[in-house]
Every structure is written in C-alpha cells, then in structure tokens.
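Note: the block below is data_4.cif and it holds mmCIF, C-alpha atoms.
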```
data_query
#
loop_
_atom_site.label_atom_id
_atom_site.label_comp_id
_atom_site.auth_asym_id
_atom_site.auth_seq_id
_atom_site.Cartn_x
_atom_site.Cartn_y
_atom_site.Cartn_z
CA MET U 684 144.74 108.16 86.45
CA SER U 685 145.80 108.64 90.07
CA GLU U 686 144.75 106.21 92.78
CA ASP U 687 142.42 108.86 94.32
CA GLU U 688 140.79 109.54 90.98
CA PHE U 689 140.35 105.82 90.36
CA PHE U 690 138.50 105.36 93.66
CA ARG U 691 136.31 108.40 93.00
CA VAL U 692 135.28 106.98 89.61
CA PHE U 693 134.81 103.55 91.17
CA GLU U 694 132.59 105.03 93.90
CA ARG U 695 130.50 106.91 91.30
CA VAL U 696 130.00 103.73 89.24
CA ARG U 697 129.08 101.78 92.38
CA ARG U 698 126.45 104.40 93.31
CA GLU U 699 125.02 104.32 89.80
CA VAL U 700 124.81 100.50 89.82
CA ASP U 701 123.12 100.68 93.28
CA ARG U 702 120.60 103.15 91.92
CA MET U 703 119.84 101.01 88.86
CA PHE U 704 119.26 97.98 91.11
CA ARG U 705 116.93 100.00 93.34
CA GLU U 706 114.91 101.16 90.34
CA LEU U 707 114.76 97.64 88.94
CA GLU U 708 113.71 96.28 92.33
CA GLU U 709 110.95 98.90 92.59
CA LEU U 710 109.75 97.97 89.09
CA VAL U 711 109.72 94.21 89.69
CA TRP U 712 108.48 94.08 93.31
CA GLY U 713 106.32 97.18 93.67
CA GLU U 714 104.38 96.87 96.93
CA GLU U 715 105.83 93.41 97.53
CA ARG U 716 109.36 94.76 97.98
CA PRO U 717 110.54 94.17 101.57
CA MET U 718 110.83 97.31 103.69
CA PHE U 719 113.90 96.19 105.58
CA ASP U 720 117.53 95.27 105.04
CA VAL U 721 118.56 92.43 107.34
CA THR U 722 122.29 92.72 106.63
CA ARG U 723 122.37 96.42 107.51
CA ARG U 724 119.77 95.95 110.28
CA CYS U 725 117.85 98.90 108.94
CA LEU U 726 114.22 99.56 108.13
CA GLU U 727 112.94 101.50 105.18
CA PRO U 728 110.74 104.35 106.40
CA LEU U 729 107.63 105.54 104.60
CA ALA U 730 108.38 108.65 102.58
CA HIS U 731 106.59 110.95 100.22
CA VAL U 732 107.85 113.38 97.59
CA ARG U 733 105.78 116.43 96.73
CA GLU U 734 106.80 118.57 93.80
CA GLU U 735 105.96 122.26 93.94
CA GLU U 736 106.65 124.98 91.39
CA ASP U 737 110.11 125.90 92.66
CA ARG U 738 110.92 123.25 95.24
CA VAL U 739 110.70 119.61 96.16
CA VAL U 740 109.29 118.73 99.59
CA VAL U 741 110.11 115.30 101.00
CA THR U 742 108.49 113.96 104.16
CA VAL U 743 109.74 110.87 105.97
CA ASP U 744 108.04 109.13 108.90
CA LEU U 745 110.69 108.29 111.51
CA PRO U 746 109.08 106.85 114.64
CA TYR U 747 111.52 106.07 117.50
CA VAL U 748 113.93 108.74 116.30
CA ARG U 749 114.26 111.29 119.08
CA ARG U 750 116.85 113.91 118.19
CA LYS U 751 117.62 115.77 115.01
CA GLU U 752 121.31 114.98 115.67
CA ASP U 753 120.50 111.33 114.97
CA ILE U 754 119.41 112.11 111.41
CA ASP U 755 121.83 112.24 108.51
CA ILE U 756 120.67 113.75 105.21
CA ARG U 757 122.85 113.73 102.11
CA ILE U 758 122.14 114.90 98.60
CA SER U 759 124.26 113.58 95.78
CA GLY U 760 123.10 114.65 92.34
CA ARG U 761 119.46 113.65 92.26
CA ASP U 762 119.80 111.09 95.04
CA LEU U 763 118.58 112.04 98.50
CA VAL U 764 119.89 109.68 101.18
CA ILE U 765 118.32 109.72 104.63
CA GLU U 766 119.71 107.71 107.53
CA ALA U 767 118.48 107.92 111.09
CA LYS U 768 119.24 106.18 114.36
CA MET U 769 116.33 104.95 116.49
CA ARG U 770 116.43 105.45 120.23
CA ARG U 771 115.57 101.78 120.71
CA SER U 772 115.75 98.76 118.47
CA VAL U 773 112.66 97.20 116.92
CA GLN U 774 112.07 93.46 116.85
CA TYR U 775 109.42 91.42 115.12
CA SER U 776 109.75 88.42 117.40
CA THR U 777 106.26 87.05 116.77
CA LEU U 778 106.63 86.97 113.01
CA ALA U 779 108.03 84.08 111.05
CA GLY U 780 110.51 84.41 108.24
CA VAL U 781 113.45 86.74 107.82
CA TYR U 782 112.27 89.35 110.32
CA ARG U 783 112.53 86.92 113.21
CA ASP U 784 115.37 87.37 115.70
CA VAL U 785 116.69 90.42 113.88
CA SER U 786 116.61 93.74 115.66
CA PHE U 787 116.54 96.89 113.59
CA ASP U 788 118.01 100.10 114.94
CA THR U 789 118.33 102.45 111.99
CA TYR U 790 116.34 103.73 109.05
CA ARG U 791 117.71 104.16 105.56
CA LYS U 792 115.95 105.54 102.55
CA VAL U 793 117.30 106.57 99.18
CA ILE U 794 114.98 108.76 97.14
CA ARG U 795 115.50 109.64 93.50
CA LEU U 796 114.43 113.28 93.22
CA PRO U 797 112.21 114.18 90.27
CA GLU U 798 114.32 117.19 89.19
CA ASP U 799 117.78 118.70 89.56
CA VAL U 800 118.00 120.52 92.87
CA GLU U 801 120.09 123.15 94.61
CA PRO U 802 121.39 121.21 97.67
CA SER U 803 122.93 124.31 99.27
CA GLY U 804 119.45 125.82 99.71
CA ALA U 805 117.95 122.74 101.36
CA THR U 806 116.31 123.05 104.78
CA ALA U 807 114.85 120.42 107.10
CA ARG U 808 112.67 120.29 110.18
CA PHE U 809 111.86 117.42 112.50
CA LYS U 810 108.65 117.39 114.51
CA ARG U 811 107.08 114.51 116.46
CA GLY U 812 109.03 111.93 114.47
CA MET U 813 108.18 113.43 111.09
CA LEU U 814 111.03 114.76 108.97
CA GLU U 815 110.31 117.38 106.32
CA ILE U 816 113.03 118.36 103.85
CA THR U 817 112.58 121.25 101.44
CA ILE U 818 114.99 121.50 98.52
CA PRO U 819 114.87 124.30 95.94
CA LYS U 820 114.79 123.19 92.33
CA ARG U 821 117.70 124.21 90.13
CA VAL U 822 115.95 126.55 87.73
CA ARG U 823 117.16 129.20 85.35
CA ARG U 824 114.65 132.02 85.35
CA PHE U 825 113.86 134.23 82.37
CA ARG U 826 111.52 137.16 82.40
CA VAL U 827 109.33 137.48 79.32
CA ARG U 828 108.22 140.96 78.42
CA VAL U 829 104.58 141.39 77.39
CA GLU U 830 104.44 143.62 74.33
CA MET D 302 73.73 81.87 109.84
CA GLY D 303 74.96 83.98 106.98
CA GLU D 304 74.39 86.35 104.08
CA VAL D 305 75.63 85.87 100.55
CA SER D 306 75.98 88.46 97.80
CA ASP D 307 77.59 88.05 94.39
CA ALA D 308 81.06 88.83 95.67
CA PHE D 309 80.90 88.53 99.47
CA SER D 310 79.58 86.15 102.06
CA ILE D 311 78.97 87.17 105.66
CA VAL D 312 79.31 84.33 108.13
CA GLU D 313 78.11 84.78 111.71
CA VAL D 314 79.82 82.45 114.16
CA LYS D 315 77.82 83.89 117.08
CA GLU D 316 74.46 85.59 117.15
CA VAL D 317 74.62 89.35 116.77
CA SER D 318 72.29 91.33 119.03
CA SER D 319 69.92 93.71 117.29
CA GLY D 320 69.38 97.38 118.06
CA GLY D 321 73.06 98.16 118.46
CA THR D 322 75.58 100.13 116.43
CA LEU D 323 77.88 98.88 113.67
CA VAL D 324 81.28 100.60 113.75
CA ALA D 325 83.39 100.11 110.63
CA GLY D 326 87.12 100.82 110.29
CA LEU D 327 88.68 99.88 106.98
CA PRO D 328 92.24 100.56 105.75
CA ASP D 329 92.14 103.99 104.17
CA VAL D 330 93.71 107.44 104.63
CA GLY D 331 96.38 107.25 107.38
CA LEU D 332 94.92 103.85 108.37
CA VAL D 333 92.81 105.88 110.81
CA GLY D 334 89.76 103.62 110.57
CA ALA D 335 91.76 100.39 110.75
CA ILE D 336 93.85 101.53 113.74
CA SER D 337 90.88 102.88 115.70
CA ALA D 338 88.59 99.90 115.05
CA SER D 339 91.26 97.31 115.91
CA TYR D 340 92.20 99.25 119.06
CA LEU D 341 88.53 99.33 120.07
CA VAL D 342 88.28 95.54 119.69
CA LYS D 343 91.37 95.00 121.86
CA ARG D 344 90.57 97.66 124.45
CA LEU D 345 86.97 96.55 125.02
CA GLU D 346 87.94 92.87 124.85
CA MET D 347 85.30 92.24 122.23
CA GLN D 348 84.32 88.78 121.02
CA GLU D 349 84.54 87.67 117.40
CA VAL D 350 81.03 87.16 116.04
CA GLY D 351 81.66 86.62 112.34
CA TYR D 352 83.61 87.34 109.22
CA ILE D 353 83.23 88.44 105.63
CA ASP D 354 84.88 86.52 102.84
CA SER D 355 85.29 86.74 99.10
CA ASP D 356 87.28 84.88 96.45
CA LYS D 357 88.25 88.29 95.09
CA LEU D 358 90.14 89.37 98.22
CA PRO D 359 93.94 88.94 98.42
CA PRO D 360 94.85 85.28 99.03
CA VAL D 361 95.80 85.66 102.69
CA LEU D 362 94.91 84.23 106.08
CA VAL D 363 95.89 86.16 109.22
CA PHE D 364 97.24 84.53 112.38
CA HIS D 365 96.75 86.05 115.83
CA ASP D 366 97.83 84.21 119.00
CA GLU D 367 98.50 81.11 116.88
CA ARG D 368 94.89 81.10 115.58
CA PRO D 369 94.06 81.60 111.91
CA THR D 370 91.49 84.33 111.29
CA MET D 371 89.82 85.83 108.26
CA PRO D 372 91.15 89.24 107.20
CA ILE D 373 87.71 90.92 107.46
CA ARG D 374 86.08 90.20 110.81
CA MET D 375 83.29 91.38 113.08
CA TYR D 376 83.39 91.66 116.84
CA GLU D 377 80.76 92.57 119.41
CA ARG D 378 80.35 93.72 122.98
CA ASP D 379 77.40 95.39 124.69
CA GLY D 380 75.54 96.05 121.45
CA VAL D 381 78.53 97.53 119.62
CA VAL D 382 79.54 95.51 116.57
CA VAL D 383 82.93 96.40 115.08
CA LEU D 384 83.93 95.57 111.52
CA ILE D 385 87.68 95.53 110.85
CA SER D 386 89.72 94.63 107.83
CA GLU D 387 93.41 93.74 107.84
CA VAL D 388 93.63 94.02 104.06
CA PRO D 389 92.91 97.05 101.90
CA ILE D 390 89.69 96.50 99.96
CA PRO D 391 90.29 96.88 96.21
CA ALA D 392 88.29 99.85 94.90
CA ALA D 393 86.44 97.64 92.41
CA LEU D 394 85.06 95.50 95.25
CA MET D 395 84.06 98.34 97.53
CA PRO D 396 80.57 99.07 96.08
CA GLU D 397 79.59 95.42 96.52
CA LEU D 398 81.05 95.29 100.04
CA ALA D 399 79.18 98.48 100.99
CA LYS D 400 75.89 97.01 99.76
CA THR D 401 76.54 93.71 101.55
CA VAL D 402 77.46 95.31 104.88
CA VAL D 403 74.66 97.89 104.92
CA GLY D 404 72.10 95.28 103.82
CA TRP D 405 73.27 92.89 106.54
CA ALA D 406 73.21 95.62 109.21
CA GLU D 407 69.67 96.58 108.20
CA ARG D 408 68.45 92.98 108.31
CA ARG D 409 70.10 92.40 111.69
CA GLY D 410 68.35 95.48 113.03
CA LEU D 411 71.50 97.41 113.86
CA GLY D 412 70.29 100.93 114.56
CA ARG D 413 73.11 102.99 113.14
CA LEU D 414 76.38 102.65 111.21
CA VAL D 415 79.39 104.66 112.32
CA VAL D 416 82.27 104.75 109.87
CA LEU D 417 85.70 105.79 111.18
CA GLY D 418 88.31 107.40 108.95
CA GLY D 419 90.69 110.22 108.25
CA ILE D 420 90.50 113.35 106.19
CA PRO D 421 93.94 114.21 104.81
CA VAL D 422 95.31 117.65 105.64
CA PRO D 423 98.59 118.95 104.21
CA ASN D 424 99.67 120.68 107.46
CA ARG D 425 99.16 117.63 109.72
CA ILE D 426 102.77 117.97 110.96
CA ASP D 427 101.78 121.22 112.71
CA ILE D 428 98.58 119.88 114.29
CA GLU D 429 99.02 118.71 117.87
CA LYS D 430 95.51 117.33 118.38
CA PRO D 431 93.58 116.53 115.20
CA GLY D 432 90.06 117.87 114.87
CA VAL D 433 87.18 115.55 114.02
CA ILE D 434 84.34 116.33 111.69
CA GLY D 435 81.12 114.35 111.47
CA VAL D 436 79.07 113.52 108.42
CA GLY D 437 75.42 112.69 108.99
CA VAL D 438 73.44 110.82 106.34
CA LEU D 439 69.92 111.26 107.75
CA ASP D 440 68.43 114.25 109.61
CA SER D 441 68.49 112.18 112.81
CA ASP D 442 72.25 111.58 112.35
CA ARG D 443 73.00 115.27 111.98
CA GLU D 444 70.82 116.08 114.99
CA LEU D 445 72.71 113.50 117.03
CA LEU D 446 76.09 114.96 116.00
CA LYS D 447 75.00 118.49 116.89
CA LYS D 448 73.53 117.37 120.22
CA LEU D 449 76.89 115.79 121.11
CA GLY D 450 78.81 118.91 120.08
CA ILE D 451 80.46 117.31 117.05
CA GLU D 452 81.14 119.62 114.11
CA VAL D 453 79.06 118.63 111.09
CA LEU D 454 80.29 118.78 107.48
CA LYS D 455 78.25 121.45 105.74
CA GLU D 456 79.64 121.51 102.19
CA GLY D 457 82.05 119.20 100.42
CA PHE D 458 82.61 115.80 98.91
CA LEU D 459 83.13 112.51 100.69
CA ALA D 460 85.19 110.00 98.71
CA GLY D 461 86.27 106.41 98.98
CA SER D 462 85.07 103.44 100.99
CA TYR D 463 83.12 105.42 103.59
CA ALA D 464 81.42 107.46 100.84
CA LEU D 465 80.11 104.21 99.35
CA ILE D 466 78.82 103.02 102.71
CA ALA D 467 77.17 106.42 103.37
CA LYS D 468 75.65 106.36 99.88
CA GLU D 469 74.15 102.92 100.43
CA CYS D 470 72.75 104.06 103.79
CA LEU D 471 71.22 107.12 102.13
CA ARG D 472 69.62 104.92 99.46
CA ARG D 473 68.13 102.57 102.07
CA GLY D 474 67.35 105.21 104.71
CA VAL D 475 69.69 103.59 107.24
CA PRO D 476 71.12 105.95 109.89
CA CYS D 477 74.84 106.49 109.28
CA VAL D 478 77.52 108.76 110.63
CA ALA D 479 81.10 109.12 109.38
CA LEU D 480 83.67 110.44 111.84
CA LEU D 481 86.73 111.82 110.10
CA ALA D 482 89.86 113.08 111.87
CA GLN D 483 92.44 115.40 110.36
CA SER D 484 95.23 113.01 109.41
CA TYR D 485 98.24 112.22 107.30
CA LEU D 486 97.33 110.72 103.95
CA GLN D 487 100.24 108.36 103.49
CA TYR D 488 101.47 107.63 107.04
CA PRO D 489 99.79 105.55 109.75
CA ASP D 490 98.25 108.11 112.10
CA PRO D 491 97.48 106.79 115.61
CA GLY D 492 96.98 110.38 116.85
CA ALA D 493 94.10 110.82 114.40
CA ALA D 494 92.74 107.38 115.39
CA ALA D 495 92.73 108.46 119.06
CA ALA D 496 90.83 111.64 118.16
CA VAL D 497 88.23 109.64 116.25
CA LEU D 498 87.81 107.19 119.16
CA GLU D 499 87.27 110.02 121.66
CA THR D 500 84.45 111.30 119.44
CA LEU D 501 83.04 107.81 118.91
CA SER D 502 82.83 107.27 122.67
CA LYS D 503 80.23 110.07 122.83
CA ILE D 504 78.07 108.33 120.21
CA ILE D 505 78.22 104.79 121.61
CA ASP D 506 78.28 106.10 125.20
CA ILE D 507 81.19 103.88 126.20
CA GLU D 508 84.37 105.31 127.69
CA ILE D 509 87.44 104.56 125.57
CA ASP D 510 90.82 105.23 127.17
CA VAL D 511 93.10 106.24 124.28
CA LYS D 512 96.22 106.76 126.40
CA PRO D 513 97.65 103.27 125.70
CA LEU D 514 97.18 103.91 121.97
CA LEU D 515 99.02 107.23 122.20
CA ASP D 516 101.75 105.61 124.32
CA GLN D 517 102.24 102.97 121.61
CA GLU D 518 102.02 105.47 118.78
CA GLU D 519 105.57 104.91 117.52
CA GLU D 520 105.25 101.13 117.58
CA VAL D 521 102.04 101.35 115.57
CA ARG D 522 103.71 103.65 113.02
CA VAL D 523 106.69 101.32 112.58
CA LYS D 524 104.69 98.13 112.37
CA LEU D 525 102.00 99.35 110.00
CA ARG D 526 104.38 100.70 107.33
CA GLU D 527 103.76 97.74 105.02
CA LEU D 528 99.97 97.86 105.40
CA MET D 529 100.05 101.61 104.74
CA ARG D 530 102.08 101.07 101.59
CA ARG D 531 99.62 98.42 100.38
CA THR D 532 96.70 100.73 101.13
CA LEU D 533 97.96 103.72 99.16
CA PRO D 534 97.03 102.38 95.69
CA VAL D 535 93.48 101.80 96.99
CA VAL D 536 93.39 105.35 98.39
CA ARG D 537 94.55 106.70 95.03
CA GLN D 538 91.84 104.74 93.20
CA ALA D 539 89.25 106.12 95.61
CA GLN D 540 89.64 109.59 94.08
CA LYS D 541 90.33 111.27 97.43
CA GLY D 542 91.14 114.43 95.54
CA TYR D 543 87.39 115.06 95.54
CA GLU D 544 87.64 115.90 99.23
CA TYR D 545 89.56 119.05 98.27
CA THR D 546 86.94 120.00 95.69
CA THR D 547 84.22 122.58 96.21
CA PRO D 548 80.81 121.30 95.14
CA LEU D 549 78.42 123.31 92.95
CA MET D 550 77.44 126.56 94.64
CA TYR D 551 73.80 126.75 93.62
CA ALA D 552 72.79 123.09 93.92
#
```
If you convert what's in this file into structure tokens, what do you get?
Amino acid sequence: MSEDEFFRVFERVRREVDRMFRELEELVWGEERPMFDVTRRCLEPLAHVREEEDRVVVTVDLPYVRRKEDIDIRISGRDLVIEAKMRRSVQYSTLAGVYRDVSFDTYRKVIRLPEDVEPSGATARFKRGMLEITIPKRVRRFRVRVE
Amino acid sequence: MGEVSDAFSIVEVKEVSSGGTLVAGLPDVGLVGAISASYLVKRLEMQEVGYIDSDKLPPVLVFHDERPTMPIRMYERDGVVVLISEVPIPAALMPELAKTVVGWAERRGLGRLVVLGGIPVPNRIDIEKPGVIGVGVLDSDRELLKKLGIEVLKEGFLAGSYALIAKECLRRGVPCVALLAQSYLQYPDPGAAAAVLETLSKIIDIEIDVKPLLDQEEEVRVKLRELMRRTLPVVRQAQKGYEYTTPLMYA
C-alpha cells in the first residue's frame, strides 16, 4: 500500500467514525444535543430534508451569511456537508456556561442523505439567508409495458 | 388572586383590567406567535401581571435581566393583555391549557382573544412579504375582520394549539380571532411575525413599529434555533398536516 493510498483509507475510516459518532450523539441527546462546536467556533444551523420522488431537497437557515461565495457545499457518498462564513460573529455574552465569551463565525452541518444521490446534478440557490439544495436521486429507471 | 385547574394554575401578581383583549403567542409553526407576542411586550413596554404554572411543564425557570421569571407569563398595557410562553407546550397539556386560559379570560371579562401564529407554506423562500389570514370564531369576529380588510378563512382546517383555543372559545361563545401569517414551518420566521403584528395593530388599534424586529431578523433567527428545534416535536404532534387537508364538500 502506497503512502497516498494509506492516507486515503485513513481519511475514509476517520469520516466513517465521525459519522457513527454523530448518529450516536443524535440518538442519545436528541433535542438536548448542543447546536454549537466551541472548538471549531461554529454553530449548527437548522436544516430540513424533504424527500421527493426523484430528488432530495435540503433547506438550511443561514442568517448572517451574505454571499453565496461564503457557502461551501460538499457531497461525499450520502454525506452532505455545508459550511458557511457569517459576515459578523455571534456572541452569547449574557448566557452562562460554555457559550460565554466564545464568538461563533461559521456554520457547519453534516446531513446524512436518505438515499444515494447523483452529486453532479445537484443545484443550489441562496435567498434571504435561506439555502436550498436540490440533489437528484440515483435511480435506475425501467419502463413496464402494460399488456 | 388566581385560578386553578387540574393541570394549571394562573397567578395574577397585578390586577388585570376587564374589557380588554387577550393576545396569545405560543411556540408553534415558525415560532411566529412566540416572536410576535414577545416583541409586542418589549416594544410596548408592558408590565408583567401574572403567570401560569404547572408541574407538568418542563422543569425550567427563565432569567431575564438577572430576575427569575416563569416560562408562561402575562403582561398588560392599555387593556391589552399578552400571554407568552418561552417553552413549547406539550400537545397532551394543550387542551387543559386552552380551557384554563379561555375560562380565565371569560371570568376576567376580557372582550376578545386574539391568537397569533403561522400557517406553513412550502414556497415561503419566494415570498417577500407574507400574507395574513384571519380566522373568526363568532359572527362578530368575522365581521370585525372583514371591516378591517383582513382576509377571512373560508374553508379549511385549523390545527394545533390555536385550534384548541378557538374550539374552547366556540364552545363558550367567547369572541376569538386567530391571525395566521404565511411562514416557514421549521425555521424561526420574524418576517411572518412582523406581518402578523401589522395586522394585529388594526384589531387592538395600537400602532406597532415592526422595523426594529425586521432589522434584528437575523439575530432572532440565530438565537431561537434551539427553541425552534424543541418546538418541532410539539408541532408534529399537533397534526399540522390537517391544514393542507380539504374538509368535506357538502357539510
């Protein structure tokens, strides 16, 4: 195994472990799961996945994000990763606990898509701070003749 | 002075004037009711007049300006009493809360209930200024809405917390109006809250400047993410899907 190949495999395993932790966290915490990551100084945005017959539509609420150039969308297998830079940082100075004295300036959200998708056909639009991503499902179509 | 039901107790810390209007904004679709009611309290510098408590509510106490407050509170100014909740009301508790609130309003001689909320629309992203539709429980409510130029719901279902309040008002013959703005279902929607407040100002005849709310729209959306997430299970339990359902044609 070459060094490059080793790091590729390592990266894949790391992503898979990350995903398993996220799923476990979701299962254990549910609505109690914190919507921020202090070490990365990022907030988790609200997002919604809508499944249609031939596509998956994901909406993400991104207040304080101004330009579409500040949004990064990646699809890796069934994982959709959205990162966005806010135009100003957000502080929760009046709150106690971990939020205090931390300023957040990015959003990050990883969404496990419900089906295999065709990333090359994905489109996105950004309007008044709301991001909408449409990704076609990977489907094999068969026509059935009515006899 | 207070009222006690099986699940809820209403405690008045100041006397509530009779003959006014009770405006209710509970966490629901797009947090429209909660955002608009809390903004109204702040904007009109209303005074706290009481609170509602129950052992069955989430075990929380809310702090504002260092002071502890109950999560469900009532405020008043110039005959307008506003009911706000900072916690989503579990669906199982909502019928009892509706009965308690409507019964209390009737006994205190409050002339009309106005419930503020959102009606989810799938194309909200394309709507610049959300429309507001009014629901009138009694004939007098529908006449009032029409007189003020507010579109009245003709056919359809109302679901969730404000449906239970409207139902209790119908049962008791208490005047009640629901003002519902086109909104996001699962995202805090200050734009819809502003639209609802502009319509409410016609009913209570008090000017409400919504510009500061619209200027702070992004801050509201960021800071209410957690409350919105906590509210969604309650919205799901409220069978909101009914609002997309056509009722019987020949009823």
task: With a cut-off of 10 Å and counting all atoms listed in the file, select all residues of chain U in contact with chain D and give the selection as a ChimeraX atom specification.
output: /U:713-718,726-731,742-748,773-775,777-778,809-815
- prompt: Pick from D:Arg537, D:Lys512, D:Arg409, D:Arg472: nearest to Tyr340 of chain D, with all atoms listed in the file counted?
  reply: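 Going through D:Arg537, D:Lys512, D:Arg409, D:Arg472 one by one, the smallest distance to Tyr340 of chain D is for D:Lys512.
Pairwise distance (atom CA of Lys315 of chain D, atom CA of Val403 of chain D) equals 18.8 Å.
Atom CA of Glu387 of chain D is positioned 5.1 Å from atom CA of Pro372 of chain D.
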message: List the spatial neighbours of segment 341-353 of chain D as a ChimeraX atom specification - criterion: any atom at most 6 Å away, all atoms listed in the file, same-chain residues fewer than 2 positions off excluded.
response: /D:310-315,338-339,373-378
Neighbour residues at most 7 Å from (118.8, 97.0, 111.0) (all atoms listed in the file) as a ChimeraX atom specification: /U:720-721,723-726,786-789
Just to be explicit: take each residue in the selection above, keep C-alpha atoms, and write the result as an mmCIF file, keeping the file's coordinate frame.
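Writing the result to out30.cif gives the following:
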```
data_model
loop_
_atom_site.group_PDB
_atom_site.id
_atom_site.type_symbol
_atom_site.label_atom_id
_atom_site.label_comp_id
_atom_site.auth_asym_id
_atom_site.auth_seq_id
_atom_site.Cartn_x
_atom_site.Cartn_y
_atom_site.Cartn_z
ATOM 1 C CA ASP U 720 117.530 95.270 105.040
ATOM 2 C CA VAL U 721 118.560 92.430 107.340
ATOM 3 C CA ARG U 723 122.370 96.420 107.510
ATOM 4 C CA ARG U 724 119.770 95.950 110.280
ATOM 5 C CA CYS U 725 117.850 98.900 108.940
ATOM 6 C CA LEU U 726 114.220 99.560 108.130
ATOM 7 C CA SER U 786 116.610 93.740 115.660
ATOM 8 C CA PHE U 787 116.540 96.890 113.590
ATOM 9 C CA ASP U 788 118.010 100.100 114.940
ATOM 10 C CA THR U 789 118.330 102.450 111.990
#
```
task: Give the answer as one residue: which of D:Asp510, D:Asp516, D:Glu397, D:Asp490 has the shortest atom-to-atom distance to Leu465 of chain D, using all atoms listed in the file?
output: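 Distance minimum relative to Leu465 of chain D lands on D:Glu397.
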Which polymer residues have any atom within 10 Å of an atom of Glu508 of chain D, counting all atoms listed in the file, with same-chain residues fewer than 3 positions away left out, as an mmCIF file with C-alpha atoms, keeping the file's coordinate frame?
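What landed in selection18.cif:
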```cif
data_model
loop_
_atom_site.group_PDB
_atom_site.id
_atom_site.type_symbol
_atom_site.label_atom_id
_atom_site.label_comp_id
_atom_site.auth_asym_id
_atom_site.auth_seq_id
_atom_site.Cartn_x
_atom_site.Cartn_y
_atom_site.Cartn_z
ATOM 1 C CA LEU D 345 86.970 96.550 125.020
ATOM 2 C CA LEU D 498 87.810 107.190 119.160
ATOM 3 C CA GLU D 499 87.270 110.020 121.660
ATOM 4 C CA LEU D 501 83.040 107.810 118.910
ATOM 5 C CA SER D 502 82.830 107.270 122.670
ATOM 6 C CA LYS D 503 80.230 110.070 122.830
ATOM 7 C CA ILE D 505 78.220 104.790 121.610
ATOM 8 C CA VAL D 511 93.100 106.240 124.280
#
```
query: Quick one: which residues end up in the PyMOL selection byres ((chain D and resi 355) around 10) for this structure, as a list in words?
result: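 Against this file, the PyMOL selection byres ((chain D and resi 355) around 10) returns the residues Val305, Ser306, Asp307, Ala308, Phe309, Ser310, Ile311, Ile353, Asp354, Asp356, Lys357, Leu358, Pro359, Pro360, Ile373, Leu394 and Leu398 of chain D.
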query: What gap, in Å, lies between atom CA of Gly804 of chain U and atom CA of Ile816 of chain U?
result: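 About the pair atom CA of Gly804 of chain U and atom CA of Ile816 of chain U: they are 10.7 Å apart.
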statement: Ala464 of chain D proximity check over D:Leu323, D:Val381, D:Val478, D:Leu439, using all atoms listed in the file: winner is D:Val478
- prompt: Which residues fall under the PyMOL selection byres ((chain D and resi 420) around 6) in this file, as a list in words?
  reply: Gly419, Pro421, Leu481, Ala482, Gln483 and Ser484 of chain D
Let me see the file: selected residues, C-alpha atoms, as an mmCIF file, in the coordinates of the input.
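Below is the file that was written, again.cif:
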```cif
data_model
loop_
_atom_site.group_PDB
_atom_site.id
_atom_site.type_symbol
_atom_site.label_atom_id
_atom_site.label_comp_id
_atom_site.auth_asym_id
_atom_site.auth_seq_id
_atom_site.Cartn_x
_atom_site.Cartn_y
_atom_site.Cartn_z
ATOM 1 C CA GLY D 419 90.690 110.220 108.250
ATOM 2 C CA PRO D 421 93.940 114.210 104.810
ATOM 3 C CA LEU D 481 86.730 111.820 110.100
ATOM 4 C CA ALA D 482 89.860 113.080 111.870
ATOM 5 C CA GLN D 483 92.440 115.400 110.360
ATOM 6 C CA SER D 484 95.230 113.010 109.410
#
```
